[in-house]
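S.K.: Provided herewith: entry_8.txt, compact mmCIF, C-alpha atoms.
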# COMPACT_ATOMS: atom_id res chain seq x y z
CA MET A 1 -32.97 -1.51 -3.47
CA SER A 2 -35.73 0.52 -5.13
CA LEU A 3 -36.03 2.60 -1.95
CA ILE A 4 -32.31 3.40 -2.00
CA TRP A 5 -32.45 4.29 -5.68
CA ARG A 6 -35.46 6.56 -5.07
CA ASN A 7 -33.64 8.34 -2.21
CA LEU A 8 -30.56 8.86 -4.35
CA ARG A 9 -32.55 10.28 -7.27
CA SER A 10 -34.31 12.65 -4.93
CA ALA A 11 -30.92 13.62 -3.44
CA VAL A 12 -29.52 14.37 -6.90
CA ARG A 13 -32.48 16.60 -7.75
CA SER A 14 -32.21 18.42 -4.42
CA LEU A 15 -28.49 19.07 -4.81
CA ILE A 16 -28.92 20.25 -8.39
CA ARG A 17 -31.37 22.85 -7.15
CA ASP A 18 -28.73 24.07 -4.65
CA ARG A 19 -25.74 23.75 -6.97
CA SER A 20 -23.68 26.42 -5.22
CA VAL A 21 -23.96 24.66 -1.86
CA ALA A 22 -23.15 21.29 -3.44
CA VAL A 23 -20.06 22.65 -5.24
CA LEU A 24 -18.72 24.30 -2.07
CA ALA A 25 -19.31 21.14 -0.02
CA VAL A 26 -17.68 18.84 -2.57
CA ALA A 27 -14.70 21.21 -2.95
CA ALA A 28 -14.12 21.35 0.81
CA LEU A 29 -14.41 17.58 1.15
CA ALA A 30 -12.21 16.92 -1.88
CA LEU A 31 -9.44 19.04 -0.36
CA GLY A 32 -9.59 17.25 2.99
CA ILE A 33 -10.01 13.74 1.57
CA GLY A 34 -7.39 14.35 -1.12
CA ALA A 35 -4.73 15.47 1.38
CA THR A 36 -5.52 12.58 3.73
CA THR A 37 -5.50 10.03 0.90
CA ALA A 38 -2.17 11.28 -0.47
CA ILE A 39 -0.48 10.92 2.92
CA PHE A 40 -2.10 7.51 3.46
CA SER A 41 -0.71 6.42 0.10
CA VAL A 42 2.81 7.26 1.28
CA ILE A 43 2.25 5.46 4.60
CA ASP A 44 0.74 2.42 2.87
CA ASN A 45 3.54 2.04 0.35
CA VAL A 46 6.48 3.18 2.49
CA LEU A 47 5.60 1.87 5.96
CA LEU A 48 3.03 -0.91 5.51
CA GLU A 49 4.20 -2.54 2.25
CA PRO A 50 7.68 -1.16 1.50
CA PHE A 51 9.32 -4.36 0.26
CA PRO A 52 8.15 -6.95 -2.27
CA TYR A 53 10.57 -9.59 -0.99
CA THR A 54 9.49 -12.96 0.37
CA ASP A 55 8.77 -12.91 4.13
CA SER A 56 10.17 -9.37 4.34
CA HIS A 57 8.85 -8.82 7.89
CA ARG A 58 11.37 -11.41 9.14
CA LEU A 59 14.39 -9.86 7.43
CA VAL A 60 16.68 -8.15 9.95
CA THR A 61 19.95 -6.24 10.01
CA ILE A 62 22.85 -6.16 12.50
CA GLU A 63 24.44 -2.99 13.83
CA ILE A 64 27.30 -2.59 16.30
CA HIS A 65 26.75 0.54 18.36
CA ASP A 66 29.46 2.29 20.36
CA SER A 67 27.97 2.62 23.87
CA SER A 68 30.17 5.62 24.65
CA ARG A 69 28.39 7.67 21.98
CA SER A 70 24.95 9.14 22.45
CA ASP A 71 24.11 9.52 18.77
CA PRO A 72 22.21 6.69 17.06
CA GLY A 73 23.69 4.41 14.46
CA GLY A 74 26.79 2.29 14.35
CA ARG A 75 28.80 -0.09 12.20
CA SER A 76 26.79 -2.35 9.95
CA GLY A 77 29.56 -3.39 7.54
CA PHE A 78 31.64 -6.52 8.17
CA ARG A 79 34.93 -7.78 6.82
CA VAL A 80 34.78 -10.96 4.78
CA ALA A 81 36.07 -13.29 7.53
CA GLU A 82 33.95 -11.52 10.15
CA PHE A 83 30.86 -11.82 7.95
CA LEU A 84 31.43 -15.55 7.52
CA ASP A 85 31.87 -15.96 11.30
CA TYR A 86 28.50 -14.33 12.00
CA GLN A 87 26.97 -16.44 9.27
CA SER A 88 28.31 -19.73 10.64
CA GLN A 89 28.16 -19.13 14.41
CA ASN A 90 24.65 -17.72 14.86
CA HIS A 91 21.67 -19.90 15.89
CA VAL A 92 18.84 -17.54 14.94
CA PHE A 93 19.12 -17.11 11.16
CA ASP A 94 18.24 -19.85 8.71
CA ARG A 95 19.56 -17.77 5.80
CA VAL A 96 22.03 -14.89 5.52
CA ILE A 97 23.08 -12.76 2.58
CA GLY A 98 25.45 -9.84 2.18
CA ASN A 99 26.05 -7.08 -0.29
CA CYS A 100 28.62 -4.39 -0.88
CA ASN A 101 28.24 -1.13 -2.80
CA ILE A 102 30.86 -0.29 -5.40
CA THR A 103 31.25 2.35 -8.08
CA VAL A 104 30.90 0.90 -11.57
CA LEU A 105 32.23 2.75 -14.61
CA TYR A 106 30.52 1.78 -17.87
CA ASP A 107 32.43 2.34 -21.09
CA ASN A 108 29.79 2.76 -23.80
CA GLY A 109 32.30 3.39 -26.58
CA GLU A 110 31.62 7.12 -26.67
CA GLY A 111 32.37 7.95 -23.07
CA THR A 112 32.12 6.69 -19.52
CA GLU A 113 29.02 6.57 -17.31
CA GLN A 114 29.00 5.94 -13.58
CA PHE A 115 26.63 3.45 -11.93
CA ASN A 116 25.97 2.39 -8.37
CA GLY A 117 26.85 -1.29 -8.39
CA VAL A 118 26.29 -3.89 -5.70
CA LEU A 119 28.26 -7.08 -5.19
CA VAL A 120 25.94 -9.90 -4.15
CA VAL A 121 26.81 -13.24 -2.57
CA PRO A 122 25.42 -16.63 -3.64
CA ASN A 123 21.69 -17.24 -3.03
CA THR A 124 20.88 -13.51 -2.84
CA PHE A 125 18.11 -13.64 -5.43
CA GLU A 126 16.72 -16.89 -4.02
CA PHE A 127 16.76 -15.29 -0.55
CA LEU A 128 14.78 -12.27 -1.75
CA GLY A 129 12.42 -14.44 -3.77
CA MET A 130 12.04 -12.35 -6.92
CA PRO A 131 12.66 -13.77 -10.39
CA ALA A 132 13.93 -11.66 -13.26
CA LEU A 133 11.49 -9.72 -15.41
CA LEU A 134 13.52 -10.61 -18.49
CA GLY A 135 16.26 -13.20 -18.74
CA ARG A 136 17.43 -14.78 -15.50
CA VAL A 137 18.96 -14.01 -12.13
CA MET A 138 22.39 -15.20 -11.05
CA GLU A 139 22.88 -18.96 -10.92
CA PRO A 140 25.29 -20.86 -8.62
CA ALA A 141 27.74 -21.29 -11.48
CA ASP A 142 27.99 -17.51 -11.90
CA TYR A 143 29.64 -17.22 -8.46
CA MET A 144 32.32 -19.82 -9.11
CA PRO A 145 35.95 -18.70 -9.60
CA GLY A 146 36.73 -18.40 -13.28
CA ALA A 147 33.06 -18.21 -14.32
CA PRO A 148 32.21 -15.95 -17.27
CA PRO A 149 31.56 -12.44 -15.85
CA VAL A 150 27.85 -11.56 -15.81
CA PHE A 151 25.55 -8.97 -14.25
CA VAL A 152 21.86 -8.15 -13.73
CA LEU A 153 20.37 -4.73 -14.50
CA ARG A 154 17.81 -2.64 -12.62
CA TYR A 155 14.46 -1.88 -14.28
CA LYS A 156 14.66 1.92 -14.09
CA VAL A 157 18.14 1.94 -15.65
CA TRP A 158 16.89 -0.34 -18.41
CA VAL A 159 14.05 2.10 -19.12
CA SER A 160 15.93 5.39 -18.74
CA LEU A 161 19.21 4.47 -20.41
CA PHE A 162 18.24 1.73 -22.87
CA ASN A 163 14.62 2.71 -23.65
CA ALA A 164 13.35 -0.65 -22.32
CA ASP A 165 14.94 -2.45 -25.27
CA PRO A 166 14.76 -6.23 -24.62
CA LYS A 167 17.45 -6.84 -27.24
CA ILE A 168 20.19 -5.71 -24.85
CA LEU A 169 19.90 -9.07 -23.04
CA GLY A 170 22.96 -11.14 -23.82
CA ARG A 171 25.04 -8.14 -24.79
CA THR A 172 28.52 -7.64 -23.36
CA PHE A 173 29.21 -4.41 -21.47
CA ILE A 174 32.60 -3.09 -20.32
CA LEU A 175 32.18 -2.49 -16.57
CA ASN A 176 35.24 -1.32 -14.65
CA GLY A 177 37.33 -2.57 -17.54
CA VAL A 178 35.84 -6.08 -17.41
CA PRO A 179 33.61 -7.42 -20.22
CA ARG A 180 30.39 -8.64 -18.54
CA THR A 181 27.32 -10.20 -20.11
CA LEU A 182 23.87 -8.90 -19.18
CA VAL A 183 21.83 -11.98 -18.21
CA GLY A 184 18.73 -10.45 -16.60
CA ILE A 185 16.60 -7.39 -15.98
CA MET A 186 14.80 -7.23 -12.64
CA PRO A 187 11.16 -6.19 -12.03
CA GLN A 188 10.29 -2.57 -11.33
CA ARG A 189 10.12 -2.96 -7.53
CA PHE A 190 13.41 -4.84 -7.17
CA GLY A 191 15.92 -2.30 -5.90
CA TRP A 192 18.12 -4.23 -3.51
CA GLY A 193 20.90 -2.02 -2.16
CA ASP A 194 19.52 0.86 -4.26
CA ALA A 195 21.75 -0.47 -7.01
CA ASP A 196 21.75 0.21 -10.73
CA LEU A 197 23.16 -3.25 -11.38
CA TRP A 198 24.21 -6.37 -9.49
CA ILE A 199 27.45 -8.31 -9.87
CA PRO A 200 28.09 -11.79 -8.38
CA THR A 201 30.95 -12.42 -5.98
CA SER A 202 31.99 -15.18 -3.59
CA LEU A 203 33.29 -14.70 -0.08
CA ASN A 204 36.45 -16.60 0.79
CA ARG A 205 37.75 -16.58 4.36
CA ALA A 206 41.28 -16.31 3.04
CA ASP A 207 40.42 -13.12 1.20
CA GLU A 208 40.59 -10.83 4.22
CA VAL A 209 41.55 -8.08 1.82
CA ALA A 210 39.65 -8.35 -1.47
CA THR A 211 41.53 -7.87 -4.69
CA GLY A 212 41.05 -5.38 -7.47
CA GLN A 213 38.19 -2.94 -7.16
CA PHE A 214 36.20 -5.12 -4.77
CA PRO A 215 35.87 -3.57 -1.27
CA ASN A 216 36.11 -5.79 1.76
CA TYR A 217 33.10 -4.72 3.86
CA PHE A 218 29.71 -6.36 3.43
CA TRP A 219 26.32 -5.34 4.79
CA MET A 220 24.48 -8.30 6.31
CA LEU A 221 20.81 -9.29 6.11
CA GLY A 222 19.48 -12.29 7.99
CA HIS A 223 16.19 -14.17 7.87
CA LEU A 224 14.90 -15.11 11.32
CA ARG A 225 14.14 -18.75 11.94
CA PRO A 226 10.46 -19.55 12.61
CA GLY A 227 9.55 -18.62 16.19
CA VAL A 228 12.68 -16.54 16.83
CA THR A 229 12.03 -13.02 18.14
CA ILE A 230 14.11 -9.89 17.71
CA ARG A 231 15.12 -10.06 21.38
CA GLN A 232 16.30 -13.66 21.05
CA ALA A 233 18.24 -12.83 17.91
CA GLN A 234 19.89 -9.87 19.62
CA ALA A 235 21.02 -12.03 22.54
CA ASP A 236 22.44 -14.70 20.24
CA ILE A 237 24.29 -12.28 17.96
CA ASP A 238 25.64 -10.47 21.05
CA LEU A 239 27.34 -13.72 22.14
CA VAL A 240 28.93 -14.09 18.71
CA ALA A 241 30.09 -10.45 18.78
CA ARG A 242 31.68 -10.92 22.25
CA ARG A 243 33.69 -13.84 20.88
CA LEU A 244 34.81 -11.94 17.79
CA ALA A 245 35.65 -8.63 19.48
CA PRO A 246 39.02 -9.76 20.98
CA LEU A 247 40.02 -11.11 17.56
CA ASN A 248 39.20 -7.80 15.87
CA PRO A 249 40.07 -5.11 18.44
CA LYS A 250 40.20 -2.34 15.84
CA GLU A 251 36.69 -3.11 14.64
CA TYR A 252 34.92 -3.17 18.01
CA PRO A 253 34.67 -0.34 20.57
CA LYS A 254 35.64 -1.12 24.15
CA GLN A 255 31.96 -0.92 25.08
CA PHE A 256 29.38 -1.79 22.49
CA THR A 257 25.86 -3.08 22.09
CA ILE A 258 24.26 -5.10 19.32
CA HIS A 259 21.19 -3.63 17.66
CA ILE A 260 19.01 -5.89 15.54
CA GLN A 261 16.04 -4.41 13.74
CA THR A 262 13.79 -5.28 10.87
CA LEU A 263 14.65 -4.19 7.37
CA ALA A 264 11.72 -1.75 7.38
CA ASP A 265 12.87 -0.15 10.65
CA THR A 266 16.41 0.12 9.30
CA VAL A 267 15.28 2.05 6.23
CA VAL A 268 12.35 4.16 7.45
CA GLY A 269 12.02 3.55 11.18
CA GLN A 270 13.32 6.93 12.30
CA PHE A 271 10.90 8.73 9.98
CA ARG A 272 7.79 6.74 10.97
CA VAL A 273 6.79 9.25 13.65
CA MET A 274 7.18 12.13 11.21
CA LEU A 275 4.85 10.50 8.68
CA PHE A 276 2.20 9.81 11.31
CA ILE A 277 2.44 13.40 12.55
CA VAL A 278 1.78 14.60 9.00
CA MET A 279 -1.12 12.15 8.80
CA GLY A 280 -2.53 13.63 11.99
CA ALA A 281 -2.20 17.14 10.60
CA VAL A 282 -4.09 16.36 7.39
CA SER A 283 -6.71 14.46 9.40
CA MET A 284 -7.34 17.68 11.32
CA LEU A 285 -7.74 19.41 7.95
CA LEU A 286 -10.37 16.80 7.07
CA LEU A 287 -12.19 17.40 10.36
CA ILE A 288 -12.21 21.14 9.67
CA ALA A 289 -13.66 20.44 6.24
CA CYS A 290 -16.34 18.24 7.82
CA ALA A 291 -17.22 20.99 10.32
CA ASN A 292 -17.50 23.57 7.53
CA VAL A 293 -19.69 21.30 5.43
CA ALA A 294 -21.84 20.46 8.46
CA ASN A 295 -22.39 24.18 9.09
CA LEU A 296 -23.18 24.68 5.42
CA LEU A 297 -25.75 21.89 5.41
CA LEU A 298 -27.16 23.05 8.73
CA ALA A 299 -27.82 26.48 7.23
CA ARG A 300 -29.34 24.78 4.19
CA ALA A 301 -31.53 22.61 6.40
CA THR A 302 -32.75 25.65 8.29
CA ALA A 303 -33.71 27.28 4.99
CA ARG A 304 -35.54 24.10 3.99
CA GLU A 305 -37.70 23.87 7.12
CA LYS A 306 -40.84 24.85 5.23
CA GLU A 307 -40.11 22.25 2.54
CA ILE A 308 -39.55 19.57 5.19
CA ALA A 309 -42.70 20.65 7.04
CA ILE A 310 -44.76 20.23 3.87
CA ARG A 311 -43.34 16.75 3.37
CA ALA A 312 -44.22 15.88 6.94
CA ALA A 313 -47.72 17.25 6.46
CA ILE A 314 -48.39 15.00 3.47
CA GLY A 315 -47.27 11.89 5.36
CA ALA A 316 -43.46 11.67 5.32
CA GLY A 317 -42.24 10.26 8.61
CA ARG A 318 -39.19 11.52 10.48
CA TRP A 319 -37.11 8.48 9.53
CA ARG A 320 -37.90 9.02 5.84
CA ILE A 321 -36.85 12.66 6.11
CA VAL A 322 -33.64 11.71 7.95
CA ARG A 323 -32.94 9.03 5.34
CA GLN A 324 -33.33 11.58 2.57
CA LEU A 325 -30.94 14.04 4.25
CA LEU A 326 -28.37 11.31 4.83
CA ALA A 327 -28.65 10.25 1.17
CA GLU A 328 -27.78 13.80 0.15
CA SER A 329 -24.83 13.80 2.54
CA LEU A 330 -23.66 10.41 1.27
CA LEU A 331 -23.80 11.66 -2.31
CA LEU A 332 -21.69 14.69 -1.36
CA GLY A 333 -19.22 12.44 0.47
CA VAL A 334 -18.80 10.07 -2.48
CA CYS A 335 -18.35 12.99 -4.90
CA GLY A 336 -15.84 14.53 -2.48
CA ALA A 337 -13.96 11.20 -2.36
CA ALA A 338 -13.91 10.95 -6.17
CA PHE A 339 -12.52 14.45 -6.66
CA GLY A 340 -10.26 13.90 -3.64
CA CYS A 341 -8.69 10.92 -5.42
CA LEU A 342 -7.89 13.15 -8.37
CA LEU A 343 -6.26 15.68 -6.05
CA ALA A 344 -4.39 12.87 -4.26
CA TRP A 345 -3.14 11.49 -7.58
CA GLY A 346 -1.53 14.83 -8.34
CA GLY A 347 -0.48 15.37 -4.73
CA ILE A 348 1.41 12.06 -4.58
CA LYS A 349 3.80 13.26 -7.28
CA GLY A 350 4.43 16.42 -5.29
CA LEU A 351 5.01 14.44 -2.09
CA ILE A 352 7.51 12.17 -3.77
CA ALA A 353 9.41 15.25 -4.91
CA ILE A 354 9.61 16.83 -1.43
CA VAL A 355 9.91 13.76 0.84
CA PRO A 356 13.61 13.07 1.62
CA ALA A 357 14.82 10.31 -0.69
CA GLN A 358 16.47 8.40 2.15
CA ILE A 359 13.16 7.60 3.83
CA ILE A 360 11.65 6.01 0.74
CA PRO A 361 12.98 2.48 0.14
CA ALA A 362 14.26 1.88 -3.37
CA GLU A 363 11.68 -0.90 -3.63
CA ALA A 364 8.69 1.26 -2.67
CA TYR A 365 6.26 2.20 -5.42
CA ILE A 366 3.99 5.00 -4.24
CA HIS A 367 0.78 4.97 -6.26
CA MET A 368 -3.00 4.88 -6.06
CA ASN A 369 -3.50 1.19 -5.37
CA ILE A 370 -6.67 -0.64 -4.30
CA SER A 371 -5.97 -0.07 -0.60
CA VAL A 372 -5.64 3.68 -1.15
CA LEU A 373 -8.83 3.87 -3.23
CA LEU A 374 -10.77 1.91 -0.61
CA PHE A 375 -9.39 4.24 2.05
CA ALA A 376 -10.59 7.27 0.09
CA LEU A 377 -14.05 5.76 -0.41
CA GLY A 378 -14.30 4.77 3.25
CA THR A 379 -13.20 8.24 4.30
CA GLY A 380 -15.85 9.78 2.07
CA ILE A 381 -18.60 7.61 3.56
CA VAL A 382 -17.52 8.20 7.15
CA THR A 383 -17.25 11.95 6.67
CA ALA A 384 -20.68 11.95 5.03
CA LEU A 385 -22.14 10.35 8.13
CA VAL A 386 -20.27 12.82 10.35
CA PHE A 387 -21.40 16.04 8.68
CA GLY A 388 -24.76 14.67 7.54
CA THR A 389 -25.89 13.74 11.03
CA VAL A 390 -25.86 17.35 12.25
CA PRO A 391 -28.63 18.75 10.03
CA ALA A 392 -30.63 15.53 10.33
CA VAL A 393 -30.58 15.69 14.13
CA HIS A 394 -31.37 19.40 14.03
CA LEU A 395 -34.52 18.81 12.02
CA THR A 396 -35.72 15.76 13.93
CA ARG A 397 -35.54 17.68 17.21
CA ARG A 398 -37.80 20.39 15.81
CA ASP A 399 -41.55 20.05 15.90
CA LEU A 400 -42.14 20.38 12.17
CA ASN A 401 -45.82 21.13 12.80
CA GLU A 402 -44.75 24.44 14.36
CA VAL A 403 -43.06 25.59 11.19
CA HIS A 404 -45.27 28.07 9.39
CA CYS A 405 -45.63 27.41 5.77
Output the file's structure in the form of structure tokens.
M.R.:
Amino acid sequence: MSLIWRNLRSAVRSLIRDRSVAVLAVAALALGIGATTAIFSVIDNVLLEPFPYTDSHRLVTIEIHDSSRSDPGGRSGFRVAEFLDYQSQNHVFDRVIGNCNITVLYDNGEGTEQFNGVLVVPNTFEFLGMPALLGRVMEPADYMPGAPPVFVLRYKVWVSLFNADPKILGRTFILNGVPRTLVGIMPQRFGWGDADLWIPTSLNRADEVATGQFPNYFWMLGHLRPGVTIRQAQADIDLVARRLAPLNPKEYPKQFTIHIQTLADTVVGQFRVMLFIVMGAVSMLLLIACANVANLLLARATAREKEIAIRAAIGAGRWRIVRQLLAESLLLGVCGAAFGCLLAWGGIKGLIAIVPAQIIPAEAYIHMNISVLLFALGTGIVTALVFGTVPAVHLTRRDLNEVHC
């Protein structure tokens, strides 16, 4: 440990003497590491950990695609009776929920505000596995006919519209002309259906056409049984669809296929390649920065040949000299990573502003988490080894005794 500390102190003194070189190297590395870290933060939070829900990697969606059309996409909304048929006739889901987007008009006494509301079926909050931040989620009694009307509010609406006032819990709000009691406020990362608020509803097979303002198409999300693969689920749901198609000829094309994909693929799958391409581009920027710093340190090493020769003459072995040069490179890499994190922190806000909103799940929270910080530190260390090896190898291949002091 004392040897490491001695090398680092010597590295600090050496870099202070060549402050201009150190500043240029750190600036170049900070730019490359900062850009790479910012993109990795988006990938980590949008692609690797987009949803906070329980067992989210086994949550899948159903889409009916018209085979006669070449464009991607298809129908993913189901009528009430159709939804219940898929729910009851499949053999691959152990749980199924549905939701339906509606426009909600809020009468605040001084005017009317418009919200994006989502109707949720029983067990939705249990299915997703997230309790309320304040208050409670919907209970089974809330879905029963004749139950007192209630709703649950999204975190960002609570903060932006009500200044995060906890006293609004239990208040009655006029939503679409119906007095509803606010019973819960969800955590920050709960954004199911990208809703501003959630309203309970029950699906009745007899209600083929819903009444009032309630639409009659529901988006379905299933949880795969243990051991069931996407391919097996697709085959099973295809059998159900073939049975239902003759009963609903207007809803099914003459030729169709069933597409089942994970929730993550449904939301951001088509943009995954784009994000990795951007990651590749900024990685090239980092490599260019490494090459520039390596050239900078190589020129510095050449200028220090007399200094190194003197050290060798008074007994410093080649490994000790190499160790010292690598310590200087490591110090530059760590400093570059630290300043790169600051650049990434500011860059993330810019990325969020320019990345299309539809590729970021409502639940995703893009920030500098532990994974991102460890990535930045690891990148700094690796790049230090990459650009620090060049001058070290250059000097060790020279016969330092030939250098004239």
S.K.: Might you pull out every residue within 6 Å of range 362-377 of chain A, with only C-alpha atoms counted and same-chain residues fewer than 2 positions away left off, and present them as a ChimeraX atom specification?
M.R.: /A:37,41,45-46,50-51,189-191,194,337,379-380
S.K.: Name the closest residue to Pro200 in chain A among the candidates A:Ile102, A:Met138, A:Ile348, A:Cys290; distances are taken between atoms, counting all atoms listed in the file.
M.R.: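 The shortest atom-to-atom distance to Pro200 in chain A comes from A:Met138.
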S.K.: So that I can see what lies close to Leu296 in chain A, please list as a JSON list (two decimals) with C-alpha atoms, keeping the file's coordinate frame the residues with an atom at most 10 Å from it, counting only C-alpha atoms and leaving out residues fewer than 6 positions away in the same chain.
M.R.:
[["chain", "number", "residue", "atom", "x", "y", "z"],
["A", 21, "VAL", "CA", -23.96, 24.66, -1.86],
["A", 22, "ALA", "CA", -23.15, 21.29, -3.44],
["A", 24, "LEU", "CA", -18.72, 24.30, -2.07],
["A", 25, "ALA", "CA", -19.31, 21.14, -0.02],
["A", 290, "CYS", "CA", -16.34, 18.24, 7.82],
["A", 387, "PHE", "CA", -21.40, 16.04, 8.68],
["A", 391, "PRO", "CA", -28.63, 18.75, 10.03]]
S.K.: Given only C-alpha atoms as the basis, pick out the residue of A:Met284, A:Ile237, A:Ile16, A:Ile360 nearest to Phe271 in chain A.
M.R.: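 That would be A:Ile360, the residue with the smallest distance to Phe271 in chain A.
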S.K.: One number please: CA of Tyr86 in chain A to CA of Gly73 in chain A, in Å, one decimal.
M.R.: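 Value for the CA of Tyr86 in chain A-CA of Gly73 in chain A distance: 19.5 Å.
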S.K.: What's around Lys349 in chain A at 12 Å? Count all atoms listed in the file, leave out sequence neighbours fewer than 2 positions away in its own chain, and write the answer as a list in words.
M.R.: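 These residues fall inside the cut-off: Ala38, Ile39, Ser41, Val42, Leu342, Leu343, Ala344, Trp345, Gly346, Gly347, Leu351, Ile352, Ala353, Ile354, Val355, Tyr365, Ile366, His367 and Met368 of chain A.
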S.K.: Show me the residues around (-17.3, 11.7, -3.6) - criterion: an atom at most 10 Å away, only C-alpha atoms counted - as JSON, numbers by chain.
M.R.: {"A": [26, 27, 29, 30, 33, 329, 330, 331, 332, 333, 334, 335, 336, 337, 338, 339, 340, 341, 376, 377, 379, 380, 381, 384]}
S.K.: Would you be able to write out as a list in words which residues have an atom within 10 Å of (29.5, 3.7, 25.1) in the file's coordinates, counting only C-alpha atoms?
M.R.: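 Residues satisfying the cut-off, written out: His65, Asp66, Ser67, Ser68, Arg69, Ser70, Pro253, Lys254, Gln255, Phe256 and Thr257 of chain A.
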S.K.: For CA of Asn108 in chain A and CA of Leu197 in chain A, determine how far apart the two atoms are, in Å to one decimal place.
M.R.: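 Distance reported for this atom pair: 15.3 Å.
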S.K.: Just give me the gap between CA of Asn295 in chain A and CA of Thr389 in chain A in Å, one decimal is fine.
M.R.: 11.2 Å
S.K.: Tell me which of A:Ala206, A:Ile185, A:Leu385, A:Leu105 sits closest to Arg323 in chain A, counting all atoms listed in the file.
M.R.: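 Checking each candidate against Arg323 in chain A, we get A:Leu385 as the closest.
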S.K.: Nearest residue to Leu84 in chain A out of A:Leu203, A:Ile277, A:Ala327, A:Val382, using all atoms listed in the file?
M.R.: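 For Leu84 in chain A, the nearest of the given residues is A:Leu203.
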S.K.: Please define a box with edges along x, y and z of the file around all atoms of range 360-373 of chain A given in the file, extend it by 6 Å on each side, and return its centre and edge lengths in Å to one decimal, as lines of an AutoDock Vina configuration file.
M.R.:
center_x = 2.7
center_y = 2.6
center_z = -2.8
size_x = 35.1
size_y = 18.9
size_z = 19.0
S.K.: Please list as a PyMOL selection string every residue within 7 Å of Phe125 in chain A, counting all atoms listed in the file and excluding residues in the same chain fewer than 4 positions away.
M.R.: chain A and resi 129-130+137
S.K.: Pick out the residues sitting within 10 Å of Arg154 in chain A, and hand them over as a list in words; count only C-alpha atoms, and ignore anything fewer than 2 positions along from it in its own chain.
M.R.: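 Residues near the query, excluding close chain neighbours: Ala132, Leu133, Val152, Lys156, Val157, Trp158, Val159, Gly184, Ile185, Met186, Pro187, Gln188, Arg189, Phe190, Gly191, Trp192, Asp194, Ala195, Asp196, Leu197 and Trp198 of chain A.
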S.K.: For Glu126 in chain A, which of A:Ile62, A:Val386, A:Leu297, A:Val96 is the closest residue, counting all atoms listed in the file?
M.R.: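 Nearest candidate to Glu126 in chain A out of A:Ile62, A:Val386, A:Leu297, A:Val96: A:Val96.
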S.K.: Considering all atoms listed in the file, can you say which of A:Phe115, A:Pro140, A:Thr124, A:Thr383 comes closest to Val293 in chain A?
M.R.: A:Thr383
